[in-house]
Number of protein chains: 2
Amino acid sequence: MAQKTTNEILAIAKKARLAAAFLTTLSSETKNNVLRAMSESLLSHAETILEANKKDIASAKKEGLSKAFIERMTLTDKRIQEMADSLLAVINLPDPVGEVMKAWRRPNGLWIHKVRTPIGVIAIIYESRPNVTSDCAALCFKSGNAVILRGGSETLASNCAIYTILKGVLNQFHIPDGAISLVATKDRKAVDQLLQLQEYIDLVMPRGGEGLIKHVVEHSRIPVIKHYKGICHVYVDESADVKMAQEICFNAKVQRPGVCNAMECMLVHYAVAPRFLPTMIKKFKKAGVEIRGCPITRKIVKNVRRATEQDYRTEYLDLILSVKVVKNMDEAIQHINTYGSHHSDTIVSEQYQNSLDFLKRVDSACVYVNASTRFTDGNQFGLGAEIGISTDKLHARGPMALEELTTYKYMIFGNGQVRT
Amino acid sequence: MAQKTTNEILAIAKKARLAAAFLTTLSSETKNNVLRAMSESLLSHAETILEANKKDIASAKKEGLSKAFIERMTLTDKRIQEMADSLLAVINLPDPVGEVMKAWRRPNGLWIHKVRTPIGVIAIIYESRPNVTSDCAALCFKSGNAVILRGGSETLASNCAIYTILKGVLNQFHIPDGAISLVATKDRKAVDQLLQLQEYIDLVMPRGGEGLIKHVVEHSRIPVIKHYKGICHVYVDESADVKMAQEICFNAKVQRPGVCNAMECMLVHYAVAPRFLPTMIKKFKKAGVEIRGCPITRKIVKNVRRATEQDYRTEYLDLILSVKVVKNMDEAIQHINTYGSHHSDTIVSEQYQNSLDFLKRVDSACVYVNASTRFTDGNQFGLGAEIGISTDKLHARGPMALEELTTYKYMIFGNGQVRT
């Protein structure tokens with residue numbers, strides 16, 4: 001497709017705003033029927049999607065992109081099946097729109113309802129994973145929001161193919177196109193243009209690397225919810241059950257190291273370190289984990305590379321772990337609140353007061369006692385599919401599922417009340 | 001006081017961040033004791049405040065500021081008593097921090113609690129009303145947030161006097177100074193500096209004119225909740241009880257025209273206009289309200305000035321009202337969603353379906369059937385004192401009381417769970 005001009009971006013935003021007004025009137029049943037039809041249509045057009053994806057892959061190879069990158073952007077029949085299944089899963093989630101969050105009566109007879117409503121128009125800027133296109137479209141559609149999608153340029157052909165299919169279903173149900181839009185250009189200026197359109201767009205969600213997110217925060221006039229990096233910690237308290245601590249730390253690091261809720265730094269109370277670290281690090285090394293330790297760690301266990309200040313600020317997303325021995329829980333909490341990303345952090349402890357204090361004082365979206373950080377996930381929480389994990393504090397914190405894609409309004413029923 | 005340099009602003013923000021961590025540990029009882037002591041201290045230092053205020057007023061007069069402006073910034077014994085009373089009122093509001101919003105158990109035994117927490121550090125930028133200094137300080141303190149206050153430069157001496165008294169009480173209770181900070185400079189660059197400090201400040205709330213708010217939105221890297229203008233409407237439906245409509249419209253416009261929840265534009269169904277408008281406009285004129293009408297209004301009632309496009313976008317905050325006759329409710333809703341500020345809008349109607357459709361389709365924080373827009377107010381809603389009325393959709397919409405000054409975290413209790 002041709003590159004979009006400023007006018008084309010503006011037209012997309014205006015159409016989205018109009019569609020948003022329409023979407024508030026759709027019943028849950030209609031929305032579910034649309035999602036089912038989208039799921040079926042993705043499957044019946046799998047060939048078209050795969051062909052487009054092949055073009056993207058060919059370009060990516062020509063540009064010499066990494067194997068891991070190409071792996072993430074590659075679609076297969078199985079992955080398209082998963083995309084279709086995800087759409088069906090959203091059907092089963094309860095529709096949050098219209099929920100009466102609270103209702104009460106005032107002494108003057110006013111009857112106040114706080115009611116969940118869609119946010120309006122949401123722009124999502126993401127990297128080159130084509131499944132995100134259909135996942136985000138489905139979650140926004142079910143929660144009554146119009147969505148403007150802007151995926152990584154490397155998968156533009158795949159995204160266009162998926163989008164064309166979704167749009168076909170919208171047309172079939174006589175739903176305005178603007179309900180789901182794709183900014184179909186490789187021009188990065190399109191993002192900057194979007195970020196200025198606060199009159200038409202209510203929320204921007206960047207999902208991706210630090211550079212992308214910083215860029216969006218610096219340039220946006222629209223409220224942003226960041227799905228930032230996950231620098232997650234496990235703190236092994238003096239009183240920890242050492243075996244439990246080893247299982248939790250191993251799971252948090254090794255079970256799936258490439259995701260945001262994996263542990264990047266392990267903090268260990270000095271009194272338990274001699275009993276805990278040698279076996280733990282041996283186990284990690286056997287699993288291929290590279291350890292970067294503080295001076296005390298390196299005294300306890302030989303052949304450990306030294307951790308730098310920068311290590312503590314790094315989201316490895318890989319089989320690498322920094323390890324630091326601390327003198328007490330205060331130091332651990334201080335470290336987490338300073339170097340962490342306010343995502344997910346765990347204490348392993350058998351001590352009552354420490355556990356409660358840790359929960360209270362660690363300033364993160366999800367704080368655990370005696371469990372792996374890997375549970376920070378909409379489905380694991382029982383909230384259903386999520387659009388991401390917010391590391392922000394405003395509006396939504398932690399897993400952002402359907403409910404977090406809504407706002408509210410007050411509906412007030414009177415019978416002639418005036419203020420005196 | 002001397003002008004602050006960049007380093008001084010940074011130091012304020014850092015101190016606030018440290019204090020925020022401390023504030024999460026305070027009990028409700030301690031917070032209430034502090035608020036009570038602040039209230040008493042304001043009263044016992046009333047003379048100091050009044051003296052400082054006199055200096056501000058003298059400068060304002062020298063600079064030729066308007067009478068209304070000077071009236072708003074003037075403190076009296078009575079106003080200081082009201083400020084002290086406001087602090088006491090905050091004591092009686094329930095402390096939102098620590099509230100378990102939801103808690104549930106997962107099949108794997110994880111016990112998840114969604115718990116209200118303070119947001120952290122809040123910066124409030126406001127205009128020249130010295131009472132806002134103590135009001136905002138009290139609401140942020142009670143909700144466990146550190147606050148950085150930046151009031152209008154015309155009341156700098158008054159704000160400094162009030163701040164010094166509040167700070168004295170913090171010291172007396174051994175609470176870090178950073179819990180309440182004042183940016184004590186007339187230099188407008190201080191605001192721009194604050195807006196860059198996203199590492200230390202979690203939320204910015206501008207309260208004031210359009211220029212101030214636009215400036216903050218354009219320059220802030222910190223999330224902003226806008227307390228924007230109130231262009232509120234009453235739509236008189238075809239089926240309206242004409243007497244009720246007249247009472248509601250009169251109240252919405254005249255009872256207190258200078259506030260954001262006053263009506264600025266009255267929309268009238270054409271079928272009811274001939275019965276409704278002549279008496280209504282006569283009543284308005286008698287109360288000194290200037291009417292600016294659409295062509296049909298001007299046909300029905302003589303000697304009405306013509307409303308321009310700009311009128312429909314104007315928050316008069318004065319005894320001026322634009323009036324437009326519409327052909328149906330659709331046109332009314334369209335007008336409100338286009339020209340309004342998403343604040344408060346009313347339908348007066350005896351028709352069931354219209355009333356419900358209006359509630360659903362008007363995209364405003366507070367939508368009323370058969371009641372005055374003037375009820376949009378934390379106290380009127382029964383929520384207690386408010387920090388403002390949010391016209392945004394994210395995080396908080398409508399009256400922002402204590403609850404809206406909080407966020408949440410997930411606290412998860414496990415007993416060794418790992419993810420498989």
# chains A, B, ... in the order shown; residues from 1 in each chain; ligands from 1
call {"tool": "select_by_dssp", "arguments": {"residues": "region 181-329 of chain A", "states": "alpha helix (DSSP H)", "output": "VMD selection string"}}
result
chain A and resid 189 to 194 210 to 219 242 to 254 273 to 286 295 to 300 309 to 312 329
call {"tool": "closest_atom_pairs", "arguments": {"of": "chain A", "to": "chain B", "cutoff": "6 Å", "atoms": "only C-alpha atoms", "output": "Markdown table"}}
result
| residue | atom | partner | partner_atom | distance |
| --- | --- | --- | --- | --- |
| A:Val217 | CA | B:Arg221 | CA | 5.9 |
| A:Glu218 | CA | B:Arg221 | CA | 5.7 |
| A:Arg221 | CA | B:Glu218 | CA | 5.8 |
| A:Met244 | CA | B:Gly416 | CA | 5.8 |
| A:Ile248 | CA | B:Val418 | CA | 5.9 |
| A:Ala365 | CA | B:Lys409 | CA | 4.9 |
| A:Cys366 | CA | B:Tyr410 | CA | 4.7 |
| A:Val367 | CA | B:Met411 | CA | 5.1 |
| A:Tyr368 | CA | B:Ile412 | CA | 4.7 |
| A:Val369 | CA | B:Phe413 | CA | 5.1 |
| A:Asn370 | CA | B:Gly414 | CA | 4.9 |
| A:Ala371 | CA | B:Gln417 | CA | 4.7 |
| A:Ser372 | CA | B:Val418 | CA | 5.1 |
| A:Leu394 | CA | B:His395 | CA | 5.6 |
| A:His395 | CA | B:His395 | CA | 3.7 |
| A:Lys409 | CA | B:Ala365 | CA | 4.9 |
| A:Tyr410 | CA | B:Cys366 | CA | 4.7 |
| A:Met411 | CA | B:Val367 | CA | 5.1 |
| A:Ile412 | CA | B:Tyr368 | CA | 4.7 |
| A:Phe413 | CA | B:Val369 | CA | 5.1 |
| A:Gly414 | CA | B:Asn370 | CA | 4.9 |
| A:Asn415 | CA | B:Asn370 | CA | 5.2 |
| A:Gly416 | CA | B:Asn370 | CA | 5.0 |
| A:Gln417 | CA | B:Ala371 | CA | 4.7 |
| A:Val418 | CA | B:Ser372 | CA | 5.1 |
call {"tool": "closest_residue", "arguments": {"among": "A:Lys142, A:Lys229, A:His174, A:Lys286", "to": "Ser28 (chain A)", "atoms": "only C-alpha atoms"}}
result
A:Lys142
call {"tool": "atom_distance", "arguments": {"atom1": "CA of Ala11 (chain A)", "atom2": "CA of Ala137 (chain A)"}}
result
19.0 Å
call {"tool": "select_by_dssp", "arguments": {"residues": "region 158-379 of chain B", "states": "strand (DSSP E)", "output": "PyMOL selection string"}}
result
chain B and resi 180-182+203-206+232-236+263-269+290-293+305-306+320-326+344-348+366-371
call {"tool": "write_last_selection", "arguments": {"atoms": "C-alpha atoms", "output": "PDB file, in the first residue's frame"}}
result
ATOM      1  CA  ILE B 180       4.043  18.287  50.938  1.00  0.00           C
ATOM      2  CA  SER B 181       6.202  20.551  48.798  1.00  0.00           C
ATOM      3  CA  LEU B 182       5.653  23.973  47.359  1.00  0.00           C
ATOM      4  CA  LEU B 203       0.695  12.231  37.993  1.00  0.00           C
ATOM      5  CA  VAL B 204       0.210  15.876  37.089  1.00  0.00           C
ATOM      6  CA  MET B 205      -3.103  17.634  37.548  1.00  0.00           C
ATOM      7  CA  PRO B 206      -3.472  21.065  36.018  1.00  0.00           C
ATOM      8  CA  CYS B 232     -22.543  21.782  30.025  1.00  0.00           C
ATOM      9  CA  HIS B 233     -25.892  21.426  28.260  1.00  0.00           C
ATOM     10  CA  VAL B 234     -29.503  20.950  29.175  1.00  0.00           C
ATOM     11  CA  TYR B 235     -31.572  19.394  26.390  1.00  0.00           C
ATOM     12  CA  VAL B 236     -35.304  20.048  26.713  1.00  0.00           C
ATOM     13  CA  MET B 263     -25.083  25.257  31.954  1.00  0.00           C
ATOM     14  CA  GLU B 264     -23.560  27.146  29.021  1.00  0.00           C
ATOM     15  CA  CYS B 265     -25.893  26.008  26.253  1.00  0.00           C
ATOM     16  CA  MET B 266     -29.594  25.124  26.254  1.00  0.00           C
ATOM     17  CA  LEU B 267     -30.884  22.837  23.496  1.00  0.00           C
ATOM     18  CA  VAL B 268     -34.613  22.785  22.860  1.00  0.00           C
ATOM     19  CA  HIS B 269     -36.710  20.378  20.751  1.00  0.00           C
ATOM     20  CA  GLU B 290     -27.745  37.521  28.236  1.00  0.00           C
ATOM     21  CA  ILE B 291     -29.168  35.161  25.608  1.00  0.00           C
ATOM     22  CA  ARG B 292     -27.421  34.258  22.351  1.00  0.00           C
ATOM     23  CA  GLY B 293     -29.771  32.300  20.140  1.00  0.00           C
ATOM     24  CA  ARG B 305     -28.487  38.318  19.919  1.00  0.00           C
ATOM     25  CA  ARG B 306     -27.322  35.783  17.348  1.00  0.00           C
ATOM     26  CA  ILE B 320     -24.570  34.385  29.318  1.00  0.00           C
ATOM     27  CA  LEU B 321     -26.345  31.464  27.661  1.00  0.00           C
ATOM     28  CA  SER B 322     -26.433  30.144  24.117  1.00  0.00           C
ATOM     29  CA  VAL B 323     -29.753  28.647  22.997  1.00  0.00           C
ATOM     30  CA  LYS B 324     -30.301  26.331  20.062  1.00  0.00           C
ATOM     31  CA  VAL B 325     -33.497  24.763  18.758  1.00  0.00           C
ATOM     32  CA  VAL B 326     -32.907  21.214  17.442  1.00  0.00           C
ATOM     33  CA  SER B 344     -22.117  17.265  32.599  1.00  0.00           C
ATOM     34  CA  ASP B 345     -25.236  17.211  30.456  1.00  0.00           C
ATOM     35  CA  THR B 346     -28.933  16.818  31.193  1.00  0.00           C
ATOM     36  CA  ILE B 347     -32.021  15.714  29.320  1.00  0.00           C
ATOM     37  CA  VAL B 348     -35.390  16.907  30.576  1.00  0.00           C
ATOM     38  CA  CYS B 366     -22.000  12.874  34.224  1.00  0.00           C
ATOM     39  CA  VAL B 367     -25.229  12.486  32.286  1.00  0.00           C
ATOM     40  CA  TYR B 368     -28.518  13.388  33.963  1.00  0.00           C
ATOM     41  CA  VAL B 369     -32.204  12.835  33.406  1.00  0.00           C
ATOM     42  CA  ASN B 370     -34.433  15.505  34.940  1.00  0.00           C
ATOM     43  CA  ALA B 371     -31.905  17.148  37.254  1.00  0.00           C
TER      44      ALA B 371
END
call {"tool": "atom_distance", "arguments": {"atom1": "CA of Gln353 (chain B)", "atom2": "CA of Met329 (chain B)"}}
result
11.1 Å
call {"tool": "closest_atom_pairs", "arguments": {"of": "region 183-267 of chain A", "to": "region 151-164 of chain A", "cutoff": "12 Å", "atoms": "only C-alpha atoms", "output": "tab-separated table"}}
result
residue	atom	partner	partner_atom	distance
A:Val183	CA	A:Gly151	CA	8.0
A:Ala184	CA	A:Leu156	CA	6.8
A:Thr185	CA	A:Ser153	CA	7.2
A:Lys186	CA	A:Ser153	CA	4.9
A:Asp187	CA	A:Ser153	CA	8.2
A:Arg188	CA	A:Ser153	CA	8.7
A:Ala190	CA	A:Ser153	CA	11.4
A:Val191	CA	A:Gly151	CA	10.3
A:Met205	CA	A:Gly151	CA	11.8
A:Pro206	CA	A:Gly151	CA	10.1
A:Arg207	CA	A:Gly151	CA	9.6
A:Gly208	CA	A:Gly152	CA	9.6
A:Gly209	CA	A:Gly152	CA	11.5
A:Leu212	CA	A:Gly152	CA	10.7
